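Working notes, structure below.
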Amino acid sequence: MRALAGVEDEEKWLAEGIAGIQHNAFFMHRALDANNLREVLKYSALMLSELRTSKLSPQKYYDLYMRAFDQLRQLEIFFKDESRHGLPVVDLYELVQHAGNILPRMYLLCTVGSVYIKSKQAPSKDVLKDLVEMCRGVQHPIRGLFLRSYLAQVSRDKLPEIGSDYEGDANTVMDAVEFVLQNFTEMNKLWVRIQHQGPGTVREKQEKERNELRDLVGKNLHVLGQIEGVDLEMYKETVLPRVLEQVVNCKDKLAQYYLMECIIQVFPDEYHLQTLEALLAACTQLMPTVDTKIVLTQLMDRLSNYAASSPDVLHEFLQVEAFAKLSNAIGKVIDTQLEMPIVGAMTLFVSLLTFTLRVHPDRLDYVDQVLGACVVKLSSVPKLEDSRAMKQVVALLSAPLEKYSDIVTALTLSNYPRVMDHLDDGTNKVMAMLIIQSIMKNDSCISTADKVEVLFELIKGLIKDLDGTNVEELDEEDFQEEQNSVARLIHMLDNEEPEEMLKIIYVVRKHLMTGGPQRLPFTVPPLVFSAVRLVRQLEAQGGNIAGEDVPATLRKIFQILNQTIEALSSVPCPELALRLYLQCAEAASDCDLEPVAYEFFTQAFILYEEEIADSKAQVTAIHLIVGTLQRINVFGVENRDTLTHKATGYSARLLKKPDQCRAVYACSHLFWVDDPEGIKDGERVLLCLRRALRIANAAQQMVNATRGSSGPVTLFVEILNKYIYFFEKGNPHITPSDIQSLIELINTEMLSDNGNTTIHSDPFFSSTLRYIRFQKQKGGVMGEKYDSIKL
Amino acid sequence: MVLVLALGDLHVPHRAADLPPKFKSMLVPGKIQHIICTGNLCIKEIHDYLKTICPDLHIVRGEFDEDARYPENKTLTIGQFKLGLCHGHQVIPWGDLDSLAMLQRQLGVDILVTGHTHQFTAYKHEGGVVINPGSATGAYSSINQDVNPSFVLMDIDGFRAVVYVYELIDGEVKVDKIEFKKPPTSNSAP
């Protein structure tokens, strides 16, 4: 047993050891030069005695060992040349066994053994067997490991493999394998022994040292992988079982983990596939402290890569039922390792799912199975609180989204929503956003009401308040981002068949209406426009839907629209609702549904009267009402009169005079529509324009009164432009003299007050006059109209 | 050579999920010097996206825009051209070119860019040019039954403006171009 040593002490001992080796090597070389076998053996044994130390850590011991190793190469050359020492190799083999201490004896024996085999005076297998057994004499872990490592090194090129110089009889490969396996087994035993010594702090140090030594043990597996003649059969029947036996039986966490990794990395993937059952069985038998997840994940990763390497390989996977075996093994590991935290189980499922998606992407039943196993595990925990486990579940759910660019595929996985149910509310929403992002990124289209239903169930965390959440507590920007995502999603739900599309709209509406006043302003507009698009499509194509004629269906849709927009009153957002009502009014007009259009206008006006108080908002609202009304041609005289009267009235009652003026002259267009069948009431047009003029005058007077100077003539010029507009359209009530007097009026207004004779110039007026000049010089009909107007 | 992107009426997310992918791949940051936008984005996300294409963004208010602070109209000078920008729902009758011509005279601009109808037009009249870049997303419009996604790219070089219109028709991007010259003798129309 090594005592605890300070680093300085170790340096000292190493230096001493090196000095010892060099000292004896010097004399050994003198003896070599003199071909003095006796002296050679004496000094080489002395030299090798330095390796008998138990004071050095593995790294330092390795340093010492390498120096000895170099010297032994010289020795081997000497041994090989019988002419120098006179002894046949058989006798030499006998002679070195007389060395006093076992360690030097064994090193010498291995060195001679190497020569012996090369001489072919004995079968390689016999010598090797002899050596590997005699090494048992050294039971000290570090010394033994290095000794056996030496044996492995010198024997490497002398194994009786197929095609080598040392090939034996029919069982030759078996012999080579046997030798390596035995050496491996003994080395592992020695290696494991280091763990079982000393108290806690010492153990930590020992673990570090053990790691430094591990490649000595692992090398044997590499050799096994390289032996010529080891085929799948031999691997399956002999190599793997023996190795696994040692792995499981050594009951050592470090060894098990390292060796399993080694096996997976060293041997070919096809072998793993064919020995999957044995490998997995071993995995389930490992010590509970071994991180089996990583081992299994590595295995699955390798197999996934193997599957990807060539399409022919796939049927092998199916043949050996790889998925079933892996799935069972993972289940077993999770069930037996009761202390495994939930995050561990989830990580395993993620690895298994990754494997499944790479190897069997078309087997949705496999994918669903993995999710199902996950659900079972999640159900066994009261509540999922570990954030790392949560992250794994999100990774689990994201994997199918990334693999299958068509979201509809993921939607068919029956266990998918069940897994989502186990997420906490916050993570649930994160997952819902990921789902939406996947849809947007892939430009997917969800086209049946059933799928939409499933989808909205999945994203319900965004659609409504789940138990326990309070929408007030949410960060505003995050909330807006969420809701805007839902809004955009609605446009990805589409079906060319109106019948199915209508079903989709019903489903969407049903879910959105549970959203509450915070969400409606975001989600209602896209729903409304989806429905209005459907209306337009139906109106264009005619025919029947589900046995019902189109107008009946249209009326139904408009009813839903009405109710949906009405829900906005709970928010409230009257301006948005007004705009949506107007959109619907126009759509209804295009469908020739006069009462429906009228109803929508009524709703819009009510909102204007009762809910929209802000003067700026009123201006915009009135323009939207007038603009919409101007385009609508479905109304009969009475209805139209009522609405235009109201519109004009409201226009005149806006707060600011300039706004009044503009709204009123906008109303003039209500009475003149350029269609062949459109209304052309010239008189009422003129009435509007004159009213606008009066308001402009009043506005001008107000400016005079409050500021003592003329205001801008803009309003007058605008009205002039409107006069010109209708004049050109052929309104008989607008004469050239009307235009002339308006021009005079503007000229007058532009002269400043208080005797100031500076004439303001107004670019708008100038360009208007320029336009008139342009029209005049056109000649023809237009030129004639303008003829009497003098500028 | 100054490149000006004119677009508008995206109506995200009310009427459309996003710009068409083919448009997005064409609108690469760093190539365009100015963006003029007729409004109705409608959300900040789109505003931010446009700013990544070009930081010099001019925008006016559409009736569905989330941000109520955009101005009703705007004028700016690029090269030898004075441009005016207005969404167009304020000009009644909607889409009426004579009424838009009045706005153009009022703003005193050579090129008036306006939207609302979701229909691309480029119209030359006595007072100047009226350009409507249409709807960049092809959003539903009560005014226009058949909407294709479209936007306009203007190449302004001194007194010359070449207007390229990009339209997405049946999945293919079609380009057309119109040229305008402004006579160097100031305030008459191009």
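Each chain of the structure tokens is named A, B, ... in the order shown, its residues numbered from 1; ligands are numbered from 1 in display order.
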At most 7 Å is the cut-off: for each residue in chain B with any atom that close to an atom of chain A, write down the nearest atom pair and the distance in Å rounded to one decimal, counting only C-alpha atoms, chain first then increasing number, as a Markdown table.
| residue | atom | partner | partner_atom | distance |
| --- | --- | --- | --- | --- |
| B:Pro13 | CA | A:Arg488 | CA | 5.0 |
| B:His14 | CA | A:Pro526 | CA | 4.4 |
| B:Arg15 | CA | A:Pro526 | CA | 5.6 |
| B:Ala16 | CA | A:His491 | CA | 6.1 |
| B:Ala17 | CA | A:Arg488 | CA | 4.3 |
| B:His89 | CA | A:Leu624 | CA | 7.0 |
| B:Gln90 | CA | A:His623 | CA | 6.3 |
| B:Ile92 | CA | A:Gly627 | CA | 5.7 |
| B:Pro93 | CA | A:Gly627 | CA | 6.2 |
| B:Trp94 | CA | A:Gly627 | CA | 6.5 |
| B:Met102 | CA | A:Asn721 | CA | 6.6 |
| B:Arg105 | CA | A:Phe764 | CA | 5.7 |
| B:Gln106 | CA | A:Phe764 | CA | 4.9 |
| B:Gly108 | CA | A:Phe764 | CA | 6.8 |
| B:Glu126 | CA | A:Tyr771 | CA | 6.7 |
| B:Ser142 | CA | A:Glu586 | CA | 6.5 |
With C-alpha atoms retained, could you export that selection as a JSON list (two decimals), in the first residue's frame?
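The resulting file, selection_37.json, is shown below:
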[["chain", "number", "residue", "atom", "x", "y", "z"],
["B", 13, "PRO", "CA", -51.25, 39.43, -38.40],
["B", 14, "HIS", "CA", -54.82, 40.49, -39.10],
["B", 15, "ARG", "CA", -55.02, 39.34, -42.69],
["B", 16, "ALA", "CA", -51.73, 37.59, -43.41],
["B", 17, "ALA", "CA", -49.18, 35.48, -41.55],
["B", 89, "HIS", "CA", -58.02, 55.77, -46.57],
["B", 90, "GLN", "CA", -58.25, 59.51, -45.96],
["B", 92, "ILE", "CA", -62.37, 59.54, -50.69],
["B", 93, "PRO", "CA", -63.39, 57.97, -53.02],
["B", 94, "TRP", "CA", -60.82, 55.30, -52.24],
["B", 102, "MET", "CA", -55.63, 66.70, -55.48],
["B", 105, "ARG", "CA", -51.06, 69.02, -55.57],
["B", 106, "GLN", "CA", -51.70, 69.75, -51.91],
["B", 108, "GLY", "CA", -46.61, 69.60, -53.70],
["B", 126, "GLU", "CA", -50.72, 66.49, -65.02],
["B", 142, "SER", "CA", -62.77, 44.77, -49.58]]
Requested in this report: Apply DSSP to the structure's backbone, then extract all residues of range 1-66 of chain B labelled strand (DSSP E or B) and return them as a VMD selection string.
Outcome: chain B and resid 2 to 7 12 34 to 37 42 57 to 59
Restricting the output to C-alpha atoms, write the selected residues as a JSON list (two decimals), in the first residue's frame.
[["chain", "number", "residue", "atom", "x", "y", "z"],
["B", 2, "VAL", "CA", -30.58, 55.49, -54.93],
["B", 3, "LEU", "CA", -32.80, 52.49, -54.26],
["B", 4, "VAL", "CA", -36.10, 53.16, -52.56],
["B", 5, "LEU", "CA", -38.34, 50.33, -51.48],
["B", 6, "ALA", "CA", -42.04, 51.22, -51.47],
["B", 7, "LEU", "CA", -44.44, 48.77, -49.89],
["B", 12, "VAL", "CA", -49.78, 41.20, -40.36],
["B", 34, "HIS", "CA", -34.74, 54.19, -48.11],
["B", 35, "ILE", "CA", -37.98, 52.48, -47.33],
["B", 36, "ILE", "CA", -41.28, 54.27, -47.75],
["B", 37, "CYS", "CA", -44.22, 52.46, -46.32],
["B", 42, "CYS", "CA", -49.80, 46.36, -38.50],
["B", 57, "LEU", "CA", -37.76, 53.92, -42.75],
["B", 58, "HIS", "CA", -40.55, 56.40, -43.53],
["B", 59, "ILE", "CA", -44.00, 55.30, -42.62]]
**Report entry** Every residue of range 25-177 of chain B that DSSP places in helix (DSSP H, G or I), as a PyMOL selection string
**Finding:** chain B and resi 25-26+44-53+97-107
Query raised in the report: Can you list, as a list in words, every protein, DNA or RNA residue that comes within 10 Å of range 699-708 of chain A when you count only C-alpha atoms, leaving out same-chain residues fewer than 2 positions away?
Result: Lys656, Lys657, Pro658, Gln660, Cys661, Leu693, Arg694, Ile695, Ala696, Asn697, Ser710, Gly711, Pro712, Val713, Leu715, Phe716, Glu749, Asp753 and Asn754 of chain A
Residues of the last selection are to be written out with N, CA and C atoms, as an mmCIF file, in the first residue's frame.
data_model
loop_
_atom_site.group_PDB
_atom_site.id
_atom_site.type_symbol
_atom_site.label_atom_id
_atom_site.label_comp_id
_atom_site.auth_asym_id
_atom_site.auth_seq_id
_atom_site.Cartn_x
_atom_site.Cartn_y
_atom_site.Cartn_z
ATOM 1 N N LYS A 656 -63.256 69.943 -34.576
ATOM 2 C CA LYS A 656 -62.519 71.047 -35.183
ATOM 3 C C LYS A 656 -63.108 71.405 -36.536
ATOM 4 N N LYS A 657 -63.142 72.693 -36.798
ATOM 5 C CA LYS A 657 -63.753 73.158 -38.045
ATOM 6 C C LYS A 657 -63.075 72.590 -39.292
ATOM 7 N N PRO A 658 -61.775 72.610 -39.348
ATOM 8 C CA PRO A 658 -61.161 72.043 -40.560
ATOM 9 C C PRO A 658 -61.551 70.569 -40.763
ATOM 10 N N GLN A 660 -64.324 69.188 -39.769
ATOM 11 C CA GLN A 660 -65.716 69.220 -40.229
ATOM 12 C C GLN A 660 -65.761 69.448 -41.726
ATOM 13 N N CYS A 661 -65.025 70.478 -42.124
ATOM 14 C CA CYS A 661 -65.031 70.874 -43.534
ATOM 15 C C CYS A 661 -64.645 69.721 -44.426
ATOM 16 N N LEU A 693 -68.046 74.895 -47.711
ATOM 17 C CA LEU A 693 -67.560 76.262 -47.918
ATOM 18 C C LEU A 693 -67.922 77.155 -46.749
ATOM 19 N N ARG A 694 -69.147 77.013 -46.292
ATOM 20 C CA ARG A 694 -69.586 77.815 -45.140
ATOM 21 C C ARG A 694 -68.708 77.496 -43.933
ATOM 22 N N ILE A 695 -68.444 76.227 -43.743
ATOM 23 C CA ILE A 695 -67.614 75.838 -42.589
ATOM 24 C C ILE A 695 -66.213 76.424 -42.743
ATOM 25 N N ALA A 696 -65.710 76.399 -43.992
ATOM 26 C CA ALA A 696 -64.369 76.952 -44.227
ATOM 27 C C ALA A 696 -64.338 78.428 -43.914
ATOM 28 N N ASN A 697 -65.398 79.131 -44.311
ATOM 29 C CA ASN A 697 -65.504 80.547 -44.004
ATOM 30 C C ASN A 697 -65.505 80.783 -42.509
ATOM 31 N N SER A 710 -55.151 86.394 -41.347
ATOM 32 C CA SER A 710 -55.816 85.356 -42.129
ATOM 33 C C SER A 710 -55.185 84.009 -41.874
ATOM 34 N N GLY A 711 -56.043 83.019 -41.896
ATOM 35 C CA GLY A 711 -55.486 81.683 -41.808
ATOM 36 C C GLY A 711 -55.105 81.224 -43.200
ATOM 37 N N PRO A 712 -54.589 80.030 -43.305
ATOM 38 C CA PRO A 712 -54.222 79.491 -44.612
ATOM 39 C C PRO A 712 -55.463 79.248 -45.463
ATOM 40 N N VAL A 713 -55.267 79.324 -46.756
ATOM 41 C CA VAL A 713 -56.399 79.165 -47.654
ATOM 42 C C VAL A 713 -56.603 77.710 -48.069
ATOM 43 N N LEU A 715 -58.133 75.052 -47.030
ATOM 44 C CA LEU A 715 -59.477 74.475 -47.110
ATOM 45 C C LEU A 715 -60.208 74.952 -48.358
ATOM 46 N N PHE A 716 -60.058 76.229 -48.655
ATOM 47 C CA PHE A 716 -60.748 76.753 -49.830
ATOM 48 C C PHE A 716 -60.222 76.104 -51.095
ATOM 49 N N GLU A 749 -58.814 86.134 -50.168
ATOM 50 C CA GLU A 749 -58.357 85.657 -48.866
ATOM 51 C C GLU A 749 -56.857 85.738 -48.702
ATOM 52 N N ASP A 753 -54.466 90.945 -44.048
ATOM 53 C CA ASP A 753 -55.288 91.971 -43.373
ATOM 54 C C ASP A 753 -54.472 93.194 -43.019
ATOM 55 N N ASN A 754 -55.126 94.072 -42.350
ATOM 56 C CA ASN A 754 -54.494 95.255 -41.765
ATOM 57 C C ASN A 754 -53.716 96.063 -42.784
#
Requested in this report: Calculate how many Å separate CA of Met260 in chain A from CA of Ala345 in chain A, rounding to one decimal.
Outcome: 19.5 Å
**Report entry** Selection near range 164-166 of chain B, 7 Å with only C-alpha atoms, sequence-local residues under 5 positions removed, as an MDAnalysis selection string
**Finding:** chainID B and resid 150:154 173:178
Atoms kept (C-alpha atoms) for selection, written as an mmCIF file, in the first residue's frame:
data_model
loop_
_atom_site.group_PDB
_atom_site.id
_atom_site.type_symbol
_atom_site.label_atom_id
_atom_site.label_comp_id
_atom_site.auth_asym_id
_atom_site.auth_seq_id
_atom_site.Cartn_x
_atom_site.Cartn_y
_atom_site.Cartn_z
ATOM 1 C CA SER B 150 -46.582 43.136 -54.731
ATOM 2 C CA PHE B 151 -44.065 45.819 -53.882
ATOM 3 C CA VAL B 152 -42.173 48.539 -55.709
ATOM 4 C CA LEU B 153 -38.513 49.344 -55.966
ATOM 5 C CA MET B 154 -37.600 52.796 -57.251
ATOM 6 C CA VAL B 173 -42.184 36.659 -59.162
ATOM 7 C CA LYS B 174 -42.864 38.847 -62.171
ATOM 8 C CA VAL B 175 -41.118 42.146 -62.695
ATOM 9 C CA ASP B 176 -42.202 45.119 -64.718
ATOM 10 C CA LYS B 177 -40.702 48.531 -65.098
ATOM 11 C CA ILE B 178 -41.800 52.067 -65.820
#
Applying 6 Å and only C-alpha atoms, which residues near range 599-608 of chain A remain after dropping the ones on its own chain fewer than 4 positions away? List them as a CSV table (one decimal) with N, CA and C atoms, in the first residue's frame.
chain,number,residue,atom,x,y,z
A,578,LEU,N,-65.4,48.8,-34.9
A,578,LEU,CA,-66.0,49.6,-36.0
A,578,LEU,C,-65.4,49.3,-37.4
A,581,TYR,N,-66.7,45.9,-38.4
A,581,TYR,CA,-68.1,46.0,-38.9
A,581,TYR,C,-68.2,46.5,-40.3
A,585,ALA,N,-69.8,44.9,-43.6
A,585,ALA,CA,-70.8,45.6,-44.3
A,585,ALA,C,-70.5,45.5,-45.8
A,612,ILE,N,-66.9,56.1,-29.3
A,612,ILE,CA,-65.6,56.8,-29.8
A,612,ILE,C,-65.7,58.3,-29.5
Requested in this report: One decimal, Å: what's the distance from CA of Glu261 in chain A over to CA of Ile342 in chain A, could you say?
Outcome: 23.4 Å
Query - Contact residues around Val370 in chain A with only C-alpha atoms at 7 Å, ignoring same-chain residues under 4 positions, as a ChimeraX atom specification - result: /A:349,353,366,374
Query - Using only C-alpha atoms: which of A:Gln518, A:Thr238, A:Asn220, A:Ser438 has the shortest distance to Ile263 in chain A - result: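 Closest candidate: A:Asn220.
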**Report entry** Contacts of Thr38 in chain B at 9 Å (only C-alpha atoms; same-chain gap of 2+ positions) as a VMD selection string
**Finding:** chain B and resid 6 to 9 36 40 to 41 58 to 62 85 to 88 113 to 116 132 to 133
Let me see the file: selected residues, all heavy atoms, as a compact mmCIF listing (two decimals), in the first residue's frame.
# COMPACT_ATOMS: atom_id res chain seq x y z
N ALA B 6 -40.71 50.73 -51.85
CA ALA B 6 -42.04 51.22 -51.47
C ALA B 6 -42.95 50.01 -51.29
O ALA B 6 -43.08 49.17 -52.19
CB ALA B 6 -42.59 52.15 -52.55
N LEU B 7 -43.54 49.89 -50.11
CA LEU B 7 -44.44 48.77 -49.89
C LEU B 7 -45.42 49.13 -48.78
O LEU B 7 -45.27 50.16 -48.09
CB LEU B 7 -43.66 47.50 -49.50
CG LEU B 7 -43.19 47.32 -48.06
CD1 LEU B 7 -42.55 45.96 -47.89
CD2 LEU B 7 -42.26 48.39 -47.60
N GLY B 8 -46.42 48.29 -48.61
CA GLY B 8 -47.37 48.57 -47.55
C GLY B 8 -48.50 47.58 -47.51
O GLY B 8 -48.48 46.58 -48.22
N ASP B 9 -49.49 47.88 -46.66
CA ASP B 9 -50.69 47.04 -46.53
C ASP B 9 -50.36 45.58 -46.32
O ASP B 9 -50.91 44.69 -46.97
CB ASP B 9 -51.60 47.23 -47.76
CG ASP B 9 -52.29 48.59 -47.75
OD1 ASP B 9 -52.86 48.95 -46.68
OD2 ASP B 9 -52.26 49.29 -48.77
N ILE B 36 -40.08 53.48 -48.03
CA ILE B 36 -41.28 54.27 -47.75
C ILE B 36 -42.45 53.30 -47.69
O ILE B 36 -42.65 52.47 -48.57
CB ILE B 36 -41.52 55.38 -48.79
CG1 ILE B 36 -41.45 54.86 -50.21
CG2 ILE B 36 -40.48 56.46 -48.63
CD1 ILE B 36 -41.64 55.97 -51.23
N ASN B 40 -50.40 50.23 -42.47
CA ASN B 40 -51.08 48.95 -42.23
C ASN B 40 -50.10 47.80 -42.20
O ASN B 40 -50.20 46.84 -42.96
CB ASN B 40 -52.20 48.71 -43.24
CG ASN B 40 -53.50 49.36 -42.79
OD1 ASN B 40 -53.64 49.73 -41.62
ND2 ASN B 40 -54.43 49.52 -43.70
N LEU B 41 -49.12 47.91 -41.25
CA LEU B 41 -48.11 46.86 -41.13
C LEU B 41 -48.70 45.54 -40.62
O LEU B 41 -48.48 44.53 -41.25
CB LEU B 41 -46.98 47.29 -40.21
CG LEU B 41 -46.15 48.48 -40.65
CD1 LEU B 41 -45.11 48.81 -39.61
CD2 LEU B 41 -45.51 48.20 -41.97
N HIS B 58 -39.52 55.37 -43.62
CA HIS B 58 -40.55 56.40 -43.53
C HIS B 58 -41.89 55.72 -43.61
O HIS B 58 -42.14 54.94 -44.53
CB HIS B 58 -40.40 57.40 -44.68
CG HIS B 58 -39.05 58.04 -44.73
ND1 HIS B 58 -38.75 59.21 -44.06
CD2 HIS B 58 -37.90 57.65 -45.33
CE1 HIS B 58 -37.48 59.52 -44.26
NE2 HIS B 58 -36.94 58.59 -45.02
N ILE B 59 -42.74 56.01 -42.65
CA ILE B 59 -44.00 55.30 -42.62
C ILE B 59 -45.14 56.22 -42.22
O ILE B 59 -44.95 57.13 -41.42
CB ILE B 59 -43.90 54.09 -41.66
CG1 ILE B 59 -45.21 53.33 -41.61
CG2 ILE B 59 -43.48 54.51 -40.27
CD1 ILE B 59 -45.07 52.00 -40.98
N VAL B 60 -46.30 56.00 -42.82
CA VAL B 60 -47.49 56.76 -42.47
C VAL B 60 -48.55 55.81 -41.93
O VAL B 60 -48.45 54.60 -42.10
CB VAL B 60 -48.04 57.53 -43.68
CG1 VAL B 60 -47.13 58.69 -44.03
CG2 VAL B 60 -48.21 56.61 -44.89
N ARG B 61 -49.56 56.42 -41.34
CA ARG B 61 -50.51 55.61 -40.59
C ARG B 61 -51.61 55.02 -41.46
O ARG B 61 -52.30 55.71 -42.19
CB ARG B 61 -51.13 56.45 -39.48
CG ARG B 61 -51.90 55.60 -38.45
CD ARG B 61 -52.36 56.48 -37.29
NE ARG B 61 -53.52 57.26 -37.69
CZ ARG B 61 -54.78 56.88 -37.51
NH1 ARG B 61 -55.04 55.73 -36.95
NH2 ARG B 61 -55.77 57.66 -37.91
N GLY B 62 -51.76 53.69 -41.34
CA GLY B 62 -52.92 53.03 -41.91
C GLY B 62 -53.95 52.84 -40.81
O GLY B 62 -53.61 52.91 -39.63
N LEU B 85 -46.13 60.71 -49.15
CA LEU B 85 -46.55 59.39 -48.67
C LEU B 85 -47.83 59.53 -47.85
O LEU B 85 -47.91 60.35 -46.94
CB LEU B 85 -45.43 58.83 -47.81
CG LEU B 85 -45.48 57.40 -47.32
CD1 LEU B 85 -45.60 56.43 -48.47
CD2 LEU B 85 -44.24 57.11 -46.50
N CYS B 86 -48.83 58.73 -48.19
CA CYS B 86 -50.08 58.78 -47.45
C CYS B 86 -50.79 57.45 -47.62
O CYS B 86 -50.77 56.87 -48.72
CB CYS B 86 -50.98 59.90 -47.99
SG CYS B 86 -52.59 59.97 -47.18
N HIS B 87 -51.38 56.92 -46.56
CA HIS B 87 -51.98 55.58 -46.71
C HIS B 87 -53.10 55.56 -47.75
O HIS B 87 -53.17 54.66 -48.59
CB HIS B 87 -52.52 55.06 -45.37
CG HIS B 87 -53.19 53.73 -45.52
ND1 HIS B 87 -54.54 53.55 -45.39
CD2 HIS B 87 -52.68 52.53 -45.85
CE1 HIS B 87 -54.84 52.29 -45.61
NE2 HIS B 87 -53.73 51.63 -45.89
N GLY B 88 -54.01 56.53 -47.69
CA GLY B 88 -55.03 56.62 -48.73
C GLY B 88 -56.44 56.40 -48.26
O GLY B 88 -57.39 56.67 -49.01
N VAL B 113 -46.94 58.42 -53.18
CA VAL B 113 -47.04 56.97 -52.95
C VAL B 113 -48.16 56.72 -51.95
O VAL B 113 -48.17 57.29 -50.86
CB VAL B 113 -45.71 56.41 -52.40
CG1 VAL B 113 -45.83 54.91 -52.16
CG2 VAL B 113 -44.58 56.71 -53.37
N THR B 114 -49.08 55.90 -52.34
CA THR B 114 -50.27 55.69 -51.52
C THR B 114 -50.73 54.25 -51.62
O THR B 114 -50.33 53.52 -52.53
CB THR B 114 -51.36 56.68 -51.95
OG1 THR B 114 -52.57 56.34 -51.29
CG2 THR B 114 -51.60 56.60 -53.43
N GLY B 115 -51.54 53.82 -50.67
CA GLY B 115 -51.94 52.40 -50.65
C GLY B 115 -53.43 52.21 -50.51
O GLY B 115 -54.21 52.80 -51.24
N HIS B 116 -53.79 51.37 -49.59
CA HIS B 116 -55.17 51.09 -49.18
C HIS B 116 -55.96 50.19 -50.12
O HIS B 116 -56.77 49.39 -49.68
CB HIS B 116 -55.95 52.40 -48.94
CG HIS B 116 -57.28 52.19 -48.28
ND1 HIS B 116 -57.42 51.52 -47.08
CD2 HIS B 116 -58.53 52.56 -48.63
CE1 HIS B 116 -58.69 51.48 -46.74
NE2 HIS B 116 -59.40 52.10 -47.66
N ASN B 132 -48.98 53.17 -56.39
CA ASN B 132 -49.53 52.35 -55.31
C ASN B 132 -48.81 51.01 -55.36
O ASN B 132 -48.94 50.28 -56.32
CB ASN B 132 -51.05 52.17 -55.52
CG ASN B 132 -51.69 51.42 -54.35
OD1 ASN B 132 -51.06 50.61 -53.68
ND2 ASN B 132 -52.96 51.71 -54.12
N PRO B 133 -48.01 50.70 -54.34
CA PRO B 133 -47.25 49.46 -54.40
C PRO B 133 -48.08 48.20 -54.12
O PRO B 133 -47.55 47.10 -54.17
CB PRO B 133 -46.20 49.65 -53.29
CG PRO B 133 -46.83 50.60 -52.34
CD PRO B 133 -47.73 51.48 -53.12
Requested in this report: Go through A:Asn328, A:Ser304, A:Ser570, A:Ser155 one by one, measure the shortest atom-to-atom distance of each to Arg519 in chain A using only C-alpha atoms, and give the residue with the smallest value.
Outcome: A:Ser570
Query raised in the report: Hey, which of B:Glu72, B:Asp65, B:Asp96, B:Asp18 ends up closest to Ile143 in chain B? Count only C-alpha atoms.
Result: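 Using only C-alpha atoms, the shortest distance to Ile143 in chain B belongs to B:Asp96.
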Query - Option closest in space to Val333 in chain A, from A:Thr289, A:Thr409, A:Thr644, A:Gln437 [counting only C-alpha atoms] - result: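 Selected residue with least distance to Val333 in chain A: A:Thr289.
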